[in-house]
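Below is one structure, written out as structure tokens, with a few remarks after it.
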Amino acid sequence: MKHFHLIFVFLIFCQSSFSQFDKGIQGYWLQEGYGVYLEISETTYKMYDVTQISCQPSSSSALNDWTGSLETLFDLYKIEETDEVSMILKYGITRYKFNKLKEPLTLCEKPILSSKDPKLNFDILWHTFKENYAYSKLRGVDWDKIYKEHTDLITEHTTEVELYGYIGEILDAIQDEHISLRVPKDISEAYLKIRELKKEESQPSDNEKEVSDSNKEYDYTSLRSNALENILKLYNTNNFKRYHKDLLIWGKLKKEVGYIQINSMNGYSQDVYVAESYSSNEYWDKHWEKVFDDIKKGKTLGQYLRGERKGVKVMMDSIITQLSDTPNLIIDLRFNPGGTDQVAMDILSYFATNKTNIFTKKIWTGVENSFESKVYVESSDKLYQGKVILLMGSQTGSSAEAMVLGSLGFKNIIRIGSNTMGIFSDVLQKKLPNGWSFGLSNEIYESSNNKNYEYVGITPDFLIPYSREWVTFHKSMVMLNDKDPAIEKAFSIFNK
């Protein structure tokens, strides 16, 4: 999944470089399809999250605060164009449209700073999803029906635990891995205790108990780590090299076959050092602790993302140089849940023989002709020139899927595995007045031939029927004790 799902851009603009835009960008702006209202004065900005009924200081993780200096704002934004009615900003691979308002937004004259009112919090979440969620029709969600069913349940007397239960059940039913809800630990634990008691009272069948208890035994990170390490053991790859613990693992499966296991699209910044002696769980816990500590101390997301891009270039330049003598290469994305699209596109550039339009991003606004960005990949100066096979599966998600989607436009890449997860959009981050955070998908990714793979995932050229359930999938990879069918299939294709 995308760890940093940002609305904004990262290129630095000093005061002199954006002074020419001062008059054009000052004023009141409404971002199309994101529920964001932006006020720009001569030297400062203010940003708000808005719905039809509410206005709050923005919760975007792209900026350290919802208000500040233009210098901070333009550490993330690149102004692509602006005129009297609109402004196009760019972050990474995506363009965003802001429409100019003649007057300040009335709702934001008195923004909601905080409130524990259960009804208000529910209504704001409901409006945010109805106004911004891109896949209601695809996933069969009727927001009007949901509101009608809950309007009498949620009152001023509804407890936080009860409210969490109502919202959690609504969002879980959508079955979208890019939807999230984050609440204080005591609330989620209290709700889980109540739910466990209800399960015991309902007396589930022995089979249901067995499946539930079986899944409780597994920690996602540990099981995933065991699965990806087992693949290496099958091919006696003790001489494989690594970057950042298990982020990138590479070497040669055979003299003529290189192998790169890419296990995330985040974590490449070489400014973040953690000792390799830690376990995988400990390593990544400490990595993200350092990242968030640096941000709290004033490091901008723009600086962090520039570090990510610099890190991935150093790593991939080295890997491609060392594997350049192999005529065949396997790229393994089966254990990659995602990260940052720009990182995924930077990796894909090492296999692009020319500038290629690989997909289009559209912003959902409820109308057919929504604003869109065509995404291109240009060739890296360290281009890999051999045959490429990409391994994918049910746990290949988010920006890792964006890389798979981009690969559809490359004639030199073949895909083996099962359908990907089917979640593409950046996650639009929002916050409720009671402090709870949530995320949702508001973008539509389409291939260069206008096909949308949301929910169903991208189909491989050669099928390996992996389970879509994460425990079953990873256990199946841990239990391989002879050969990996996907890698063996790749060998046979290379031989032909």
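By convention in this document, the chains of the structure tokens carry letters A, B, ... by their order, each chain's residues are numbered from 1, and ligands are numbered from 1 in the order they are shown.
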* Residues within 10 Å of A:Thr106, only C-alpha atoms, excluding chain neighbours under 4 positions, as a ChimeraX atom specification -> /A:55,110-111
Find the residues near A:Pro337: any atom within 12 Å, counting only C-alpha atoms, skip ones fewer than 4 places away on the same chain, and give them as a PDB file with N, CA and C atoms, in the first residue's frame.
ATOM      1  N   MET A   1       0.838  -1.186   0.000  1.00  0.00           N
ATOM      2  CA  MET A   1       0.000   0.000   0.000  1.00  0.00           C
ATOM      3  C   MET A   1       0.879   1.245   0.000  1.00  0.00           C
ATOM      4  N   LYS A   2       0.270   2.335  -0.377  1.00  0.00           N
ATOM      5  CA  LYS A   2       1.056   3.535  -0.495  1.00  0.00           C
ATOM      6  C   LYS A   2       1.260   4.167   0.877  1.00  0.00           C
ATOM      7  N   HIS A   3       2.492   4.190   1.309  1.00  0.00           N
ATOM      8  CA  HIS A   3       2.761   4.690   2.654  1.00  0.00           C
ATOM      9  C   HIS A   3       2.617   6.204   2.719  1.00  0.00           C
ATOM     10  N   GLU A 177      -8.689  -2.218  -0.183  1.00  0.00           N
ATOM     11  CA  GLU A 177      -7.491  -2.141   0.654  1.00  0.00           C
ATOM     12  C   GLU A 177      -6.955  -0.723   0.792  1.00  0.00           C
ATOM     13  N   HIS A 178      -7.402   0.196  -0.045  1.00  0.00           N
ATOM     14  CA  HIS A 178      -6.955   1.583   0.061  1.00  0.00           C
ATOM     15  C   HIS A 178      -7.850   2.434   0.951  1.00  0.00           C
ATOM     16  N   TYR A 220       1.827 -10.367   9.623  1.00  0.00           N
ATOM     17  CA  TYR A 220       1.995 -10.133   8.187  1.00  0.00           C
ATOM     18  C   TYR A 220       3.460  -9.968   7.798  1.00  0.00           C
ATOM     19  N   THR A 221       4.176  -9.079   8.501  1.00  0.00           N
ATOM     20  CA  THR A 221       5.556  -8.781   8.113  1.00  0.00           C
ATOM     21  C   THR A 221       6.451  -9.999   8.231  1.00  0.00           C
ATOM     22  N   ARG A 224       5.499 -12.654   5.512  1.00  0.00           N
ATOM     23  CA  ARG A 224       5.953 -12.160   4.209  1.00  0.00           C
ATOM     24  C   ARG A 224       7.463 -12.297   4.084  1.00  0.00           C
ATOM     25  N   LEU A 247      14.591  -4.723   1.138  1.00  0.00           N
ATOM     26  CA  LEU A 247      13.917  -3.840   0.194  1.00  0.00           C
ATOM     27  C   LEU A 247      14.218  -4.253  -1.248  1.00  0.00           C
ATOM     28  N   ILE A 262      11.943  -6.849  -5.763  1.00  0.00           N
ATOM     29  CA  ILE A 262      11.617  -5.489  -5.311  1.00  0.00           C
ATOM     30  C   ILE A 262      10.432  -5.596  -4.366  1.00  0.00           C
ATOM     31  N   ASN A 263      10.651  -5.328  -3.089  1.00  0.00           N
ATOM     32  CA  ASN A 263       9.636  -5.650  -2.082  1.00  0.00           C
ATOM     33  C   ASN A 263       8.874  -4.465  -1.510  1.00  0.00           C
ATOM     34  N   SER A 264       9.169  -3.266  -1.991  1.00  0.00           N
ATOM     35  CA  SER A 264       8.391  -2.087  -1.618  1.00  0.00           C
ATOM     36  C   SER A 264       8.747  -0.963  -2.569  1.00  0.00           C
ATOM     37  N   MET A 265       7.888   0.037  -2.665  1.00  0.00           N
ATOM     38  CA  MET A 265       8.186   1.236  -3.433  1.00  0.00           C
ATOM     39  C   MET A 265       8.439   2.424  -2.507  1.00  0.00           C
ATOM     40  N   ASN A 266       8.799   2.140  -1.257  1.00  0.00           N
ATOM     41  CA  ASN A 266       9.236   3.139  -0.278  1.00  0.00           C
ATOM     42  C   ASN A 266      10.440   2.605   0.472  1.00  0.00           C
ATOM     43  N   LEU A 333       7.808  -8.927  -8.192  1.00  0.00           N
ATOM     44  CA  LEU A 333       6.970  -7.972  -7.446  1.00  0.00           C
ATOM     45  C   LEU A 333       5.888  -8.670  -6.623  1.00  0.00           C
ATOM     46  N   ASP A 341       4.310   6.071  -6.305  1.00  0.00           N
ATOM     47  CA  ASP A 341       4.266   5.890  -7.752  1.00  0.00           C
ATOM     48  C   ASP A 341       5.536   6.376  -8.438  1.00  0.00           C
ATOM     49  N   ALA A 344       8.186   3.850  -8.359  1.00  0.00           N
ATOM     50  CA  ALA A 344       7.876   2.751  -9.283  1.00  0.00           C
ATOM     51  C   ALA A 344       8.194   3.137 -10.722  1.00  0.00           C
ATOM     52  N   MET A 392       4.252 -11.401 -10.703  1.00  0.00           N
ATOM     53  CA  MET A 392       3.235 -10.617 -10.009  1.00  0.00           C
ATOM     54  C   MET A 392       2.234 -11.549  -9.351  1.00  0.00           C
ATOM     55  N   GLY A 393       1.434 -11.003  -8.441  1.00  0.00           N
ATOM     56  CA  GLY A 393       0.464 -11.861  -7.772  1.00  0.00           C
ATOM     57  C   GLY A 393      -0.583 -11.074  -7.026  1.00  0.00           C
ATOM     58  N   SER A 394      -1.336 -11.783  -6.211  1.00  0.00           N
ATOM     59  CA  SER A 394      -2.466 -11.191  -5.491  1.00  0.00           C
ATOM     60  C   SER A 394      -2.047 -10.193  -4.422  1.00  0.00           C
ATOM     61  N   GLN A 395      -0.771 -10.227  -4.026  1.00  0.00           N
ATOM     62  CA  GLN A 395      -0.280  -9.286  -3.027  1.00  0.00           C
ATOM     63  C   GLN A 395       0.542  -8.168  -3.667  1.00  0.00           C
ATOM     64  N   THR A 396       0.537  -8.089  -4.992  1.00  0.00           N
ATOM     65  CA  THR A 396       1.163  -6.974  -5.706  1.00  0.00           C
ATOM     66  C   THR A 396       0.140  -5.853  -5.762  1.00  0.00           C
ATOM     67  N   GLY A 397       0.368  -4.773  -5.016  1.00  0.00           N
ATOM     68  CA  GLY A 397      -0.667  -3.754  -4.883  1.00  0.00           C
ATOM     69  C   GLY A 397      -0.183  -2.341  -5.101  1.00  0.00           C
ATOM     70  N   SER A 398      -1.136  -1.446  -5.298  1.00  0.00           N
ATOM     71  CA  SER A 398      -0.920  -0.011  -5.289  1.00  0.00           C
ATOM     72  C   SER A 398       0.145   0.418  -6.297  1.00  0.00           C
ATOM     73  N   SER A 399       1.214   1.097  -5.860  1.00  0.00           N
ATOM     74  CA  SER A 399       2.215   1.586  -6.809  1.00  0.00           C
ATOM     75  C   SER A 399       3.004   0.451  -7.451  1.00  0.00           C
ATOM     76  N   ALA A 400       3.066  -0.728  -6.818  1.00  0.00           N
ATOM     77  CA  ALA A 400       3.658  -1.890  -7.490  1.00  0.00           C
ATOM     78  C   ALA A 400       2.780  -2.296  -8.667  1.00  0.00           C
ATOM     79  N   GLU A 401       1.463  -2.163  -8.497  1.00  0.00           N
ATOM     80  CA  GLU A 401       0.532  -2.408  -9.603  1.00  0.00           C
ATOM     81  C   GLU A 401       0.677  -1.350 -10.691  1.00  0.00           C
ATOM     82  N   ALA A 402       0.988  -0.113 -10.260  1.00  0.00           N
ATOM     83  CA  ALA A 402       1.201   0.944 -11.248  1.00  0.00           C
ATOM     84  C   ALA A 402       2.390   0.593 -12.140  1.00  0.00           C
ATOM     85  N   MET A 403       3.417  -0.044 -11.552  1.00  0.00           N
ATOM     86  CA  MET A 403       4.558  -0.488 -12.351  1.00  0.00           C
ATOM     87  C   MET A 403       4.139  -1.603 -13.317  1.00  0.00           C
ATOM     88  N   THR A 420      -3.211  -8.994 -10.104  1.00  0.00           N
ATOM     89  CA  THR A 420      -2.753  -8.134  -9.022  1.00  0.00           C
ATOM     90  C   THR A 420      -3.925  -7.764  -8.111  1.00  0.00           C
ATOM     91  N   MET A 421      -3.645  -6.989  -7.074  1.00  0.00           N
ATOM     92  CA  MET A 421      -4.629  -6.720  -6.025  1.00  0.00           C
ATOM     93  C   MET A 421      -5.831  -5.906  -6.509  1.00  0.00           C
ATOM     94  N   GLY A 422      -5.593  -4.970  -7.432  1.00  0.00           N
ATOM     95  CA  GLY A 422      -6.701  -4.168  -7.953  1.00  0.00           C
ATOM     96  C   GLY A 422      -6.985  -2.908  -7.157  1.00  0.00           C
ATOM     97  N   ILE A 423      -5.902  -2.253  -6.645  1.00  0.00           N
ATOM     98  CA  ILE A 423      -6.045  -0.973  -5.937  1.00  0.00           C
ATOM     99  C   ILE A 423      -4.958  -0.032  -6.450  1.00  0.00           C
ATOM    100  N   PHE A 424      -5.338   1.023  -7.156  1.00  0.00           N
ATOM    101  CA  PHE A 424      -4.362   1.850  -7.857  1.00  0.00           C
ATOM    102  C   PHE A 424      -4.247   3.275  -7.333  1.00  0.00           C
ATOM    103  N   TRP A 470      -4.132 -13.263   1.983  1.00  0.00           N
ATOM    104  CA  TRP A 470      -2.709 -13.014   2.223  1.00  0.00           C
ATOM    105  C   TRP A 470      -2.022 -14.129   2.999  1.00  0.00           C
TER     106      TRP A 470
END
* To do: Report as a VMD selection string: the residues of stretch 329-375 of chain A with a DSSP assignment of strand (DSSP E), based on the backbone of this structure.
  => chain A and resid 329 to 332 356 to 363 372 to 375
* Contacts of A:Phe410 at 10 Å or less, counting only C-alpha atoms, minus same-chain residues fewer than 2 places along, as a list in words? ->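 Counting only C-alpha atoms, the residues come to Leu348, Phe351, Ala352, Thr353, Asn354, Thr356, Ile358, Val388, Leu405, Gly406, Ser407, Leu408, Asn412, Ile413 and Ile414 of chain A.
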Take the residues from that selection and write them out as a PDB file, in the first residue's frame, keeping C-alpha atoms.
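Result file again-v2.pdb:
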ATOM      1  CA  LEU A 348      10.439   1.153 -14.748  1.00  0.00           C
ATOM      2  CA  PHE A 351      13.497  -0.993 -19.003  1.00  0.00           C
ATOM      3  CA  ALA A 352      11.983   1.691 -21.268  1.00  0.00           C
ATOM      4  CA  THR A 353      13.604   1.738 -24.704  1.00  0.00           C
ATOM      5  CA  ASN A 354      11.981   5.104 -25.479  1.00  0.00           C
ATOM      6  CA  THR A 356       6.326   5.834 -23.495  1.00  0.00           C
ATOM      7  CA  ILE A 358       2.097   4.100 -19.999  1.00  0.00           C
ATOM      8  CA  VAL A 388      12.465  -9.122 -18.993  1.00  0.00           C
ATOM      9  CA  LEU A 405       0.245  -1.333 -15.446  1.00  0.00           C
ATOM     10  CA  GLY A 406       3.078   0.662 -16.985  1.00  0.00           C
ATOM     11  CA  SER A 407       4.776  -2.521 -18.181  1.00  0.00           C
ATOM     12  CA  LEU A 408       1.778  -3.301 -20.417  1.00  0.00           C
ATOM     13  CA  ASN A 412      10.073  -6.429 -24.030  1.00  0.00           C
ATOM     14  CA  ILE A 413       8.275  -7.372 -20.768  1.00  0.00           C
ATOM     15  CA  ILE A 414       6.259 -10.573 -20.156  1.00  0.00           C
TER      16      ILE A 414
END
* A:Lys252 environment, 8 Å, only C-alpha atoms, sequence neighbours closer than 6 positions dropped, as an MDAnalysis selection string -> chainID A and resid 237 240 258:259 323
Include N, CA, C and O atoms and write out the residues we just selected as an mmCIF file, in the first residue's frame.
data_model
loop_
_atom_site.group_PDB
_atom_site.id
_atom_site.type_symbol
_atom_site.label_atom_id
_atom_site.label_comp_id
_atom_site.auth_asym_id
_atom_site.auth_seq_id
_atom_site.Cartn_x
_atom_site.Cartn_y
_atom_site.Cartn_z
ATOM 1 N N THR A 237 20.831 -19.066 -3.372
ATOM 2 C CA THR A 237 21.307 -17.722 -3.683
ATOM 3 C C THR A 237 21.885 -17.021 -2.448
ATOM 4 O O THR A 237 21.534 -15.895 -2.131
ATOM 5 N N PHE A 240 23.490 -13.549 -2.977
ATOM 6 C CA PHE A 240 22.712 -12.392 -3.406
ATOM 7 C C PHE A 240 23.054 -11.166 -2.565
ATOM 8 O O PHE A 240 23.395 -11.268 -1.395
ATOM 9 N N GLY A 258 19.435 -12.949 -14.616
ATOM 10 C CA GLY A 258 19.487 -12.090 -13.435
ATOM 11 C C GLY A 258 18.149 -12.078 -12.713
ATOM 12 O O GLY A 258 17.116 -12.474 -13.276
ATOM 13 N N TYR A 259 18.176 -11.643 -11.454
ATOM 14 C CA TYR A 259 16.952 -11.650 -10.637
ATOM 15 C C TYR A 259 16.965 -10.437 -9.720
ATOM 16 O O TYR A 259 17.968 -10.165 -9.045
ATOM 17 N N LEU A 323 24.187 -6.477 -13.489
ATOM 18 C CA LEU A 323 23.443 -7.522 -14.207
ATOM 19 C C LEU A 323 23.409 -7.286 -15.723
ATOM 20 O O LEU A 323 22.702 -7.992 -16.440
#
* Can you list, as a ChimeraX atom specification, every residue of stretch 204-313 of chain A that DSSP puts in alpha helix (DSSP H)? -> /A:206-216,220-234,280-296,301-313
* To do: Point out the residue among A:Gly339, A:Pro327, A:Gly307, A:Gly439 with the least atom-to-atom distance to A:Gly386, counting only C-alpha atoms.
  =>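 For A:Gly386, the nearest of the given residues is A:Pro327.
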* Can you pull out every residue within 7 Å of A:Ile444, counting only C-alpha atoms, but drop anything in the same chain fewer than 6 positions away, and send it as number ranges by chain? => A: 361-364, 425
* Shell around A:Gly33 at 9 Å using only C-alpha atoms, local window under 4 positions removed, as a ChimeraX atom specification -> /A:97,131-132,363-366,370-371,442-443
* Select, from A:Val471, A:Leu383, A:Val478, A:Leu329, the residue with the minimum atom-to-atom distance to A:Phe494, counting only C-alpha atoms. => A:Leu329
* Nearest candidate to A:Gly267 (options A:Tyr77, A:Arg309, A:Glu282, A:Lys255; using only C-alpha atoms) ->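 Smallest separation from A:Gly267 among the options: A:Arg309.
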* Residue with smallest distance to A:Asn99 - pool A:Asn121, A:Asn64, A:Asn239, A:Gln31, counting only C-alpha atoms ->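 Looking only at the distances to A:Asn99, the closest residue turns out to be A:Gln31.
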* Asked: Counting only C-alpha atoms, what is within 12 Å of A:Lys137, bar same-chain residues fewer than 2 positions away, as a ChimeraX atom specification?
  -> /A:130,133-135,139-143,174,364,366,454-455
Mind writing the picked residues with N, CA, C and O atoms as a PDB file, in the first residue's frame?
ATOM      1  N   LYS A 130     -19.035  10.127  -0.217  1.00  0.00           N
ATOM      2  CA  LYS A 130     -19.999  10.305  -1.303  1.00  0.00           C
ATOM      3  C   LYS A 130     -19.486  11.293  -2.346  1.00  0.00           C
ATOM      4  O   LYS A 130     -19.699  11.121  -3.549  1.00  0.00           O
ATOM      5  N   TYR A 133     -15.175   9.486  -3.235  1.00  0.00           N
ATOM      6  CA  TYR A 133     -14.778   8.100  -3.475  1.00  0.00           C
ATOM      7  C   TYR A 133     -15.078   7.700  -4.920  1.00  0.00           C
ATOM      8  O   TYR A 133     -16.216   7.814  -5.385  1.00  0.00           O
ATOM      9  N   ALA A 134     -14.075   7.210  -5.627  1.00  0.00           N
ATOM     10  CA  ALA A 134     -14.180   6.984  -7.079  1.00  0.00           C
ATOM     11  C   ALA A 134     -14.877   5.683  -7.460  1.00  0.00           C
ATOM     12  O   ALA A 134     -15.301   5.539  -8.611  1.00  0.00           O
ATOM     13  N   TYR A 135     -15.013   4.742  -6.528  1.00  0.00           N
ATOM     14  CA  TYR A 135     -15.418   3.394  -6.939  1.00  0.00           C
ATOM     15  C   TYR A 135     -16.707   2.903  -6.284  1.00  0.00           C
ATOM     16  O   TYR A 135     -16.899   1.709  -6.105  1.00  0.00           O
ATOM     17  N   ARG A 139     -17.910  -0.967  -6.881  1.00  0.00           N
ATOM     18  CA  ARG A 139     -17.937  -1.859  -5.719  1.00  0.00           C
ATOM     19  C   ARG A 139     -19.320  -1.982  -5.102  1.00  0.00           C
ATOM     20  O   ARG A 139     -19.481  -2.557  -4.013  1.00  0.00           O
ATOM     21  N   GLY A 140     -20.333  -1.439  -5.776  1.00  0.00           N
ATOM     22  CA  GLY A 140     -21.716  -1.630  -5.351  1.00  0.00           C
ATOM     23  C   GLY A 140     -22.064  -0.956  -4.041  1.00  0.00           C
ATOM     24  O   GLY A 140     -22.778  -1.533  -3.210  1.00  0.00           O
ATOM     25  N   VAL A 141     -21.595   0.286  -3.841  1.00  0.00           N
ATOM     26  CA  VAL A 141     -21.861   1.006  -2.597  1.00  0.00           C
ATOM     27  C   VAL A 141     -22.938   2.057  -2.827  1.00  0.00           C
ATOM     28  O   VAL A 141     -22.796   2.925  -3.693  1.00  0.00           O
ATOM     29  N   ASP A 142     -24.030   1.992  -2.061  1.00  0.00           N
ATOM     30  CA  ASP A 142     -25.128   2.955  -2.137  1.00  0.00           C
ATOM     31  C   ASP A 142     -25.050   3.840  -0.892  1.00  0.00           C
ATOM     32  O   ASP A 142     -25.520   3.471   0.190  1.00  0.00           O
ATOM     33  N   TRP A 143     -24.431   5.022  -1.030  1.00  0.00           N
ATOM     34  CA  TRP A 143     -24.208   5.879   0.135  1.00  0.00           C
ATOM     35  C   TRP A 143     -25.511   6.418   0.715  1.00  0.00           C
ATOM     36  O   TRP A 143     -25.621   6.606   1.933  1.00  0.00           O
ATOM     37  N   ILE A 174     -16.851  -2.592   2.039  1.00  0.00           N
ATOM     38  CA  ILE A 174     -16.499  -2.153   0.686  1.00  0.00           C
ATOM     39  C   ILE A 174     -15.377  -3.013   0.113  1.00  0.00           C
ATOM     40  O   ILE A 174     -15.259  -3.178  -1.099  1.00  0.00           O
ATOM     41  N   TRP A 364     -11.695  11.605 -10.045  1.00  0.00           N
ATOM     42  CA  TRP A 364     -13.132  11.381 -10.034  1.00  0.00           C
ATOM     43  C   TRP A 364     -13.853  12.597  -9.470  1.00  0.00           C
ATOM     44  O   TRP A 364     -13.567  13.054  -8.372  1.00  0.00           O
ATOM     45  N   GLY A 366     -17.431  12.790 -10.421  1.00  0.00           N
ATOM     46  CA  GLY A 366     -18.833  12.469 -10.644  1.00  0.00           C
ATOM     47  C   GLY A 366     -19.315  12.795 -12.040  1.00  0.00           C
ATOM     48  O   GLY A 366     -20.460  12.524 -12.388  1.00  0.00           O
ATOM     49  N   GLU A 454      -9.088  -1.555 -11.786  1.00  0.00           N
ATOM     50  CA  GLU A 454      -9.468  -1.490 -10.375  1.00  0.00           C
ATOM     51  C   GLU A 454     -10.372  -2.658 -10.005  1.00  0.00           C
ATOM     52  O   GLU A 454     -11.223  -3.079 -10.788  1.00  0.00           O
ATOM     53  N   TYR A 455     -10.167  -3.201  -8.818  1.00  0.00           N
ATOM     54  CA  TYR A 455     -10.964  -4.285  -8.240  1.00  0.00           C
ATOM     55  C   TYR A 455     -10.587  -5.656  -8.812  1.00  0.00           C
ATOM     56  O   TYR A 455     -10.366  -6.603  -8.066  1.00  0.00           O
TER      57      TYR A 455
END
* To do: Using only C-alpha atoms, find the one residue out of A:Thr43, A:Ile187, A:Thr321, A:Ile146 that sits nearest to A:Thr159.
  =>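 Closest candidate: A:Ile187.
Of the residues listed (A:Val272, A:Ile487, A:Ile331, A:Ile347), A:Ile347 shows the shortest atom-to-atom separation from A:Val314; distances use only C-alpha atoms.
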* **Å distance separating atom CA of A:Tyr235 from atom CA of A:Ala486, one decimal place** => 12.8 Å
* Between atom CA of A:His474 and atom CA of A:Ser222, what is the spacing in Å? ->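 Atom-to-atom, atom CA of A:Ser222 and atom CA of A:His474 are spaced 10.1 Å apart.
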* To do: Figure out the distance between atom CA of A:Arg415 and atom CA of A:Glu469, please, to one decimal in Å.
  =>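 Those two atoms sit 20.7 Å apart.
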